[in-house]
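S.K.: Supplied in structure tokens, the structure appears directly below.
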Amino acid sequence: MDLGTSISEFFGRKKTIFSLEFFPPKNETGGEKMLNTAKLLKPYKPDFVSITYGAGGGTRKTTLHYARILKQEFGFEVMPHLTCVGHTVKELLEILDEFSNEGFCNIMALRGDPPKGETSFKPITGGLTYASELVSLIRKHYPHFGIGVAGYPEKHPESLDKKSDLTHLKHKVDAGADFITTQLFFENEAYFRFANECKKEKISVPILPGLLPVLSHGQVQRFCKMCEASLPNELESKLLEVDEKSQPTVGTQWTNEQVKELLQKGSPGFHLYALNQATASLEILRGLGN
Ligand SMILES: Cc1cc2nc3c(=O)[nH]c(=O)nc-3n(C[C@H](O)[C@H](O)[C@H](O)COP(=O)(O)OP(=O)(O)OC[C@H]3O[C@@H](n4cnc5c(N)ncnc54)[C@H](O)[C@@H]3O)c2cc1C
């Protein structure tokens, strides 16, 4: 069995890391669409792909199922996500065992969101409260795993202020995280400011900017509301100036410009929230050339 490579080894070895994020499809049609997207994007050789983990642990089996296909059939280095939501430590260890037995050695360690209708996260009995605890758990039992954690250039919505958010991010890194993938943002200034703030806090792991190619005005409004990211006036005006059919082109051009500037100014790479759709990611990758 291919035992995989810790993603932490990629950083430093390569100048630019490029990764893609998928989500576990809800049904067979969604599965076919996702796998077709993977097929179309494979020639661009992502350094790794990640697959999210659904709220409430509901996608445990689906995440593993598609992670396996992405690894075995496409040869990707796959990083499954894992959240603390609804799981005891015992269950988390069982899931980690399952991932490890299948040859995965990278995990995106997350707390997860509170269930719908609740504003704060409450751990279940025997469960974990923060992602930093999950990182510690993984480090203790799987010292060789690559561990990614989430970072928030515009602050996590539940955090009182940026300072405490950064302190908590540092806990995750001190607990053993190898790199940070950011929440989506549409103004690169937010990323560069965040990277500087992390530096001041002595957070020195690579920070991979997470970018969402916008497909429509409605979609970006929903996402920004959900994660409290800013939607720049300029991007919003550009989207509203064109008809709905042309909005993906506007979104793709915006992401393209973001990636170019991020790489020029020294980001370690970029992570595309591909949303199981190939068109926008393909255009961005073609636009970047080599
Ligand atoms: C790249 C990325 C991938 C994601 N993938 C998924 C996914 O697959 N599935 C999913 O359900 N969600 C996913 N999310 C969303 C994520 O689960 C939510 O943003 C969630 O609300 C926080 O998760 P976290 O891991 O950042 O939590 P944490 O790092 O635990 O932080 C949560 C909040 O608690 C605060 N905090 C942390 N430690 C302490 C402490 N010791 N004392 C007090 N406060 C503290 C933090 O500042 C923050 O406000 C993803 C987000 C990102 C950016």
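Within each chain, counting starts at residue 1; across the structure tokens, chains are named A, B, ... in the order shown, with ligands numbered 1 upward in that order.
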Per residue of chain A within 6 Å of ligand 1, which atom pair is closest and at what distance in Å (one decimal), using only C-alpha atoms and all ligand atoms, listed by chain and increasing number, as CSV?

M.R.:
residue,atom,partner,partner_atom_place_in_ligand_line,distance
A:Thr52,CA,ligand 1,8 (O),3.3
A:Tyr53,CA,ligand 1,8 (O),3.9
A:Gly54,CA,ligand 1,11 (O),5.0
A:Ala55,CA,ligand 1,11 (O),4.6
A:His81,CA,ligand 1,8 (O),4.8
A:Leu110,CA,ligand 1,25 (O),3.2
A:Arg111,CA,ligand 1,25 (O),4.0
A:Gly112,CA,ligand 1,17 (O),3.0
A:Asp113,CA,ligand 1,21 (O),4.0
A:Tyr130,CA,ligand 1,30 (O),3.5
A:Ala131,CA,ligand 1,30 (O),3.8
A:Ala150,CA,ligand 1,53 (C),4.2
A:Gly151,CA,ligand 1,53 (C),5.7
A:His156,CA,ligand 1,49 (O),4.9
A:Glu158,CA,ligand 1,49 (O),4.4
A:Ser159,CA,ligand 1,49 (O),3.9
A:Asp165,CA,ligand 1,47 (O),3.9
A:His168,CA,ligand 1,38 (N),4.5
A:Thr181,CA,ligand 1,1 (C),4.8
A:Thr182,CA,ligand 1,53 (C),5.0
A:Gln183,CA,ligand 1,53 (C),3.7

S.K.: Quick one: residues within 9 Å of Asn256 (chain A), only C-alpha atoms, excluding same-chain residues fewer than 4 positions away - as a VMD selection string?

M.R.: chain A and resid 213 251 to 252 260 to 261 283 to 285 287 to 288

S.K.: Might you pull out every residue within 12 Å of Tyr44 (chain A), with only C-alpha atoms counted and same-chain residues fewer than 2 positions away left off, and present them as a PyMOL selection string?

M.R.: chain A and resi 17-20+37-42+46-49+76+278+281-286+288-290

S.K.: Would you mind exporting C-alpha atoms of the selected residues as a CSV table (one decimal), in the first residue's frame?

M.R.:
chain,number,residue,atom,x,y,z
A,17,ILE,CA,2.1,24.4,-3.6
A,18,PHE,CA,-1.2,24.1,-5.4
A,19,SER,CA,-4.2,22.2,-3.9
A,20,LEU,CA,-7.9,21.6,-4.6
A,37,THR,CA,-14.0,17.2,-12.1
A,38,ALA,CA,-11.1,15.3,-10.6
A,39,LYS,CA,-10.4,13.7,-14.0
A,40,LEU,CA,-10.3,17.1,-15.8
A,41,LEU,CA,-8.1,18.7,-13.1
A,42,LYS,CA,-5.7,15.8,-12.7
A,46,PRO,CA,-2.2,19.4,-7.7
A,47,ASP,CA,0.3,18.7,-4.9
A,48,PHE,CA,-2.6,17.5,-2.9
A,49,VAL,CA,-6.4,17.5,-2.8
A,76,PHE,CA,-3.7,12.2,-5.7
A,278,ALA,CA,-14.1,22.0,-13.0
A,281,SER,CA,-10.6,26.0,-11.7
A,282,LEU,CA,-9.5,24.9,-15.2
A,283,GLU,CA,-9.7,28.5,-16.5
A,284,ILE,CA,-7.7,29.8,-13.5
A,285,LEU,CA,-5.0,27.1,-14.0
A,286,ARG,CA,-4.9,27.7,-17.8
A,288,LEU,CA,-1.6,30.9,-15.0
A,289,GLY,CA,0.3,29.0,-17.6
A,290,ASN,CA,3.2,27.1,-16.1

S.K.: Could you name the residues that touch Val259 (chain A) at 9 Å or less, counting only C-alpha atoms, but leaving out those on the same chain fewer than 2 positions away, as a PDB file with N, CA and C atoms, in the first residue's frame?

M.R.:
ATOM      1  N   ASN A 188      -6.569  40.549  -1.468  1.00  0.00           N
ATOM      2  CA  ASN A 188      -5.295  39.958  -1.037  1.00  0.00           C
ATOM      3  C   ASN A 188      -4.703  40.669   0.166  1.00  0.00           C
ATOM      4  N   PRO A 209      -3.136  30.327   1.000  1.00  0.00           N
ATOM      5  CA  PRO A 209      -4.368  31.110   0.816  1.00  0.00           C
ATOM      6  C   PRO A 209      -5.469  30.289   0.159  1.00  0.00           C
ATOM      7  N   LEU A 211      -8.876  30.117  -1.893  1.00  0.00           N
ATOM      8  CA  LEU A 211      -9.580  31.026  -2.808  1.00  0.00           C
ATOM      9  C   LEU A 211     -10.817  30.380  -3.408  1.00  0.00           C
ATOM     10  N   TRP A 254     -11.344  37.360 -11.424  1.00  0.00           N
ATOM     11  CA  TRP A 254     -10.980  37.940 -10.122  1.00  0.00           C
ATOM     12  C   TRP A 254     -10.005  36.999  -9.393  1.00  0.00           C
ATOM     13  N   THR A 255     -10.354  35.711  -9.363  1.00  0.00           N
ATOM     14  CA  THR A 255      -9.478  34.752  -8.666  1.00  0.00           C
ATOM     15  C   THR A 255      -8.121  34.674  -9.354  1.00  0.00           C
ATOM     16  N   ASN A 256      -8.163  34.718 -10.692  1.00  0.00           N
ATOM     17  CA  ASN A 256      -6.921  34.671 -11.441  1.00  0.00           C
ATOM     18  C   ASN A 256      -5.968  35.796 -11.032  1.00  0.00           C
ATOM     19  N   GLU A 257      -6.530  37.003 -10.938  1.00  0.00           N
ATOM     20  CA  GLU A 257      -5.710  38.155 -10.528  1.00  0.00           C
ATOM     21  C   GLU A 257      -5.224  37.961  -9.094  1.00  0.00           C
ATOM     22  N   GLU A 261      -1.129  37.769  -8.032  1.00  0.00           N
ATOM     23  CA  GLU A 261      -0.506  38.695  -7.085  1.00  0.00           C
ATOM     24  C   GLU A 261       0.021  37.954  -5.841  1.00  0.00           C
ATOM     25  N   LEU A 262      -0.761  36.982  -5.370  1.00  0.00           N
ATOM     26  CA  LEU A 262      -0.327  36.239  -4.174  1.00  0.00           C
ATOM     27  C   LEU A 262       1.010  35.553  -4.429  1.00  0.00           C
ATOM     28  N   LEU A 263       1.119  34.933  -5.605  1.00  0.00           N
ATOM     29  CA  LEU A 263       2.366  34.203  -5.899  1.00  0.00           C
ATOM     30  C   LEU A 263       3.529  35.175  -6.105  1.00  0.00           C
ATOM     31  N   GLN A 264       3.224  36.263  -6.822  1.00  0.00           N
ATOM     32  CA  GLN A 264       4.288  37.264  -7.051  1.00  0.00           C
ATOM     33  C   GLN A 264       4.833  37.791  -5.728  1.00  0.00           C
ATOM     34  N   GLY A 269       1.812  29.262  -2.136  1.00  0.00           N
ATOM     35  CA  GLY A 269       1.010  28.546  -3.125  1.00  0.00           C
ATOM     36  C   GLY A 269      -0.420  29.014  -3.035  1.00  0.00           C
ATOM     37  N   PHE A 270      -1.346  28.176  -3.410  1.00  0.00           N
ATOM     38  CA  PHE A 270      -2.770  28.541  -3.301  1.00  0.00           C
ATOM     39  C   PHE A 270      -3.625  27.286  -3.271  1.00  0.00           C
ATOM     40  N   ILE A 284      -8.726  29.111 -14.382  1.00  0.00           N
ATOM     41  CA  ILE A 284      -7.708  29.762 -13.544  1.00  0.00           C
ATOM     42  C   ILE A 284      -6.343  29.124 -13.807  1.00  0.00           C
ATOM     43  N   LEU A 288      -2.869  30.704 -15.643  1.00  0.00           N
ATOM     44  CA  LEU A 288      -1.580  30.856 -14.955  1.00  0.00           C
ATOM     45  C   LEU A 288      -0.418  30.299 -15.777  1.00  0.00           C
TER      46      LEU A 288
END

S.K.: Excluding region 234-236 of chain A and its own-chain neighbours fewer than 5 positions away, which residues fall within 10 Å of it when counting only C-alpha atoms? Please give them as a list of chain:residue names.

M.R.: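 Residues near the query, excluding close chain neighbours: A:Phe186, A:Glu187, A:Val214, A:Ser216, A:His217, A:Val220, A:Gln221, A:Glu241, A:Val250, A:Gly251, A:Trp254.
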
S.K.: Go ahead and save the picked residues with C-alpha atoms, as a PDB file, in the first residue's frame.

M.R.:
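Contents of out.pdb, as written:
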ATOM      1  CA  PHE A 186     -11.410  38.373  -1.936  1.00  0.00           C
ATOM      2  CA  GLU A 187      -8.893  41.092  -1.184  1.00  0.00           C
ATOM      3  CA  VAL A 214     -17.122  32.995  -7.592  1.00  0.00           C
ATOM      4  CA  SER A 216     -22.646  33.932  -9.124  1.00  0.00           C
ATOM      5  CA  HIS A 217     -23.569  37.023  -7.143  1.00  0.00           C
ATOM      6  CA  VAL A 220     -20.840  34.804  -3.099  1.00  0.00           C
ATOM      7  CA  GLN A 221     -23.374  36.709  -0.980  1.00  0.00           C
ATOM      8  CA  GLU A 241     -22.834  44.665 -14.362  1.00  0.00           C
ATOM      9  CA  VAL A 250     -16.041  37.685 -13.776  1.00  0.00           C
ATOM     10  CA  GLY A 251     -15.432  35.460 -10.735  1.00  0.00           C
ATOM     11  CA  TRP A 254     -10.980  37.940 -10.122  1.00  0.00           C
TER      12      TRP A 254
END

S.K.: Let's see if you can do this: from backbone DSSP, list all alpha helix (DSSP H) residues in region 123-265 of chain A, as an MDAnalysis selection string.

M.R.: chainID A and resid 131:141 162:174 188:200 217:227 233:241 247:264

S.K.: List the spatial neighbours of Gly30 (chain A) as a list in words - criterion: any atom at most 12 Å away, only C-alpha atoms, same-chain residues fewer than 4 positions off excluded.

M.R.: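 Contacts, with the query itself left out: Phe22, Phe23, Pro24, Pro25, Lys26, Met34, Leu35, Asn36, Thr37, Thr62, Tyr66, Leu275, Asn276 and Gln277 of chain A.
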
S.K.: Just N, CA and C atoms for this one: save the residues we selected as a compact mmCIF listing (two decimals), in the first residue's frame.

M.R.:
# COMPACT_ATOMS: atom_id res chain seq x y z
N PHE A 22 -12.43 19.33 -2.52
CA PHE A 22 -13.68 18.73 -2.94
C PHE A 22 -14.58 18.58 -1.71
N PHE A 23 -15.87 18.34 -1.97
CA PHE A 23 -16.73 17.99 -0.84
C PHE A 23 -17.43 16.67 -1.14
N PRO A 24 -17.80 15.90 -0.10
CA PRO A 24 -18.42 14.60 -0.34
C PRO A 24 -19.79 14.78 -0.99
N PRO A 25 -20.00 14.22 -2.19
CA PRO A 25 -21.28 14.41 -2.87
C PRO A 25 -22.42 13.71 -2.14
N LYS A 26 -23.63 14.25 -2.36
CA LYS A 26 -24.81 13.73 -1.63
C LYS A 26 -25.39 12.48 -2.28
N MET A 34 -18.31 14.98 -9.37
CA MET A 34 -17.07 15.22 -8.64
C MET A 34 -15.90 14.47 -9.28
N LEU A 35 -16.14 13.22 -9.64
CA LEU A 35 -15.04 12.42 -10.19
C LEU A 35 -14.66 12.91 -11.59
N ASN A 36 -15.65 13.42 -12.33
CA ASN A 36 -15.33 14.00 -13.63
C ASN A 36 -14.47 15.26 -13.46
N THR A 37 -14.80 16.03 -12.42
CA THR A 37 -14.01 17.23 -12.12
C THR A 37 -12.57 16.82 -11.78
N THR A 62 -18.89 8.80 3.54
CA THR A 62 -18.73 9.37 2.19
C THR A 62 -17.36 10.02 2.05
N TYR A 66 -14.88 8.64 -0.91
CA TYR A 66 -14.34 9.44 -2.03
C TYR A 66 -12.85 9.75 -1.86
N LEU A 275 -15.27 23.27 -5.26
CA LEU A 275 -16.70 22.97 -5.15
C LEU A 275 -17.17 21.90 -6.14
N ASN A 276 -16.33 20.94 -6.39
CA ASN A 276 -16.65 19.80 -7.28
C ASN A 276 -16.97 20.22 -8.71
N GLN A 277 -16.56 21.44 -9.11
CA GLN A 277 -16.82 21.90 -10.47
C GLN A 277 -15.49 22.24 -11.13

S.K.: Let me make sure I understand: among A:Leu3, A:Leu128, A:Leu231, A:Ile51, which one has the smallest atom-to-atom distance to Gly103 (chain A) if we use only C-alpha atoms?

M.R.: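 When distances to Gly103 (chain A) are compared using only C-alpha atoms, the smallest one comes from A:Leu3.
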
S.K.: So that I can see what lies close to Ile95 (chain A), please list as a tab-separated table (two decimals) with C-alpha atoms, in the first residue's frame the residues with an atom at most 12 Å from it, counting only C-alpha atoms and leaving out residues fewer than 3 positions away in the same chain.

M.R.:
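Saved file selection.tsv follows:
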chain	number	residue	atom	x	y	z
A	53	TYR	CA	-16.10	16.40	6.41
A	57	GLY	CA	-20.09	13.53	11.26
A	59	THR	CA	-20.39	12.27	5.88
A	60	ARG	CA	-17.86	10.07	7.71
A	61	LYS	CA	-18.39	7.17	5.30
A	63	THR	CA	-15.61	11.35	3.00
A	64	LEU	CA	-13.63	8.14	3.37
A	80	PRO	CA	-9.36	14.11	4.40
A	81	HIS	CA	-10.86	16.71	6.74
A	82	LEU	CA	-12.05	15.72	10.21
A	83	THR	CA	-14.16	17.70	12.65
A	84	CYS	CA	-14.87	17.29	16.37
A	87	HIS	CA	-17.68	12.59	18.01
A	88	THR	CA	-16.19	11.31	21.24
A	89	VAL	CA	-12.41	11.01	21.47
A	90	LYS	CA	-12.86	7.25	21.12
A	91	GLU	CA	-14.72	7.71	17.83
A	92	LEU	CA	-12.19	10.23	16.56
A	98	GLU	CA	-9.53	3.95	9.53
A	99	PHE	CA	-7.81	6.77	7.62
A	100	SER	CA	-4.39	5.49	8.59
A	101	ASN	CA	-5.21	1.88	7.64
A	102	GLU	CA	-6.29	3.14	4.21
A	104	PHE	CA	-3.81	8.42	4.43
A	107	ILE	CA	-5.54	15.36	8.03
A	138	ILE	CA	-3.51	13.38	16.14

S.K.: I need the residues of region 54-230 of chain A that end up classed as strand (DSSP E or B) by DSSP on the backbone, written out as a PyMOL selection string.

M.R.: chain A and resi 78-83+88+106-110+127+146-151+179-182+207-208+210-211

S.K.: For Pro268 (chain A), which residue out of A:Gly12, A:Pro123, A:Gly218, A:Gly31 is the nearest one, using only C-alpha atoms?

M.R.: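 Among the listed residues, A:Gly12 lies closest to Pro268 (chain A).
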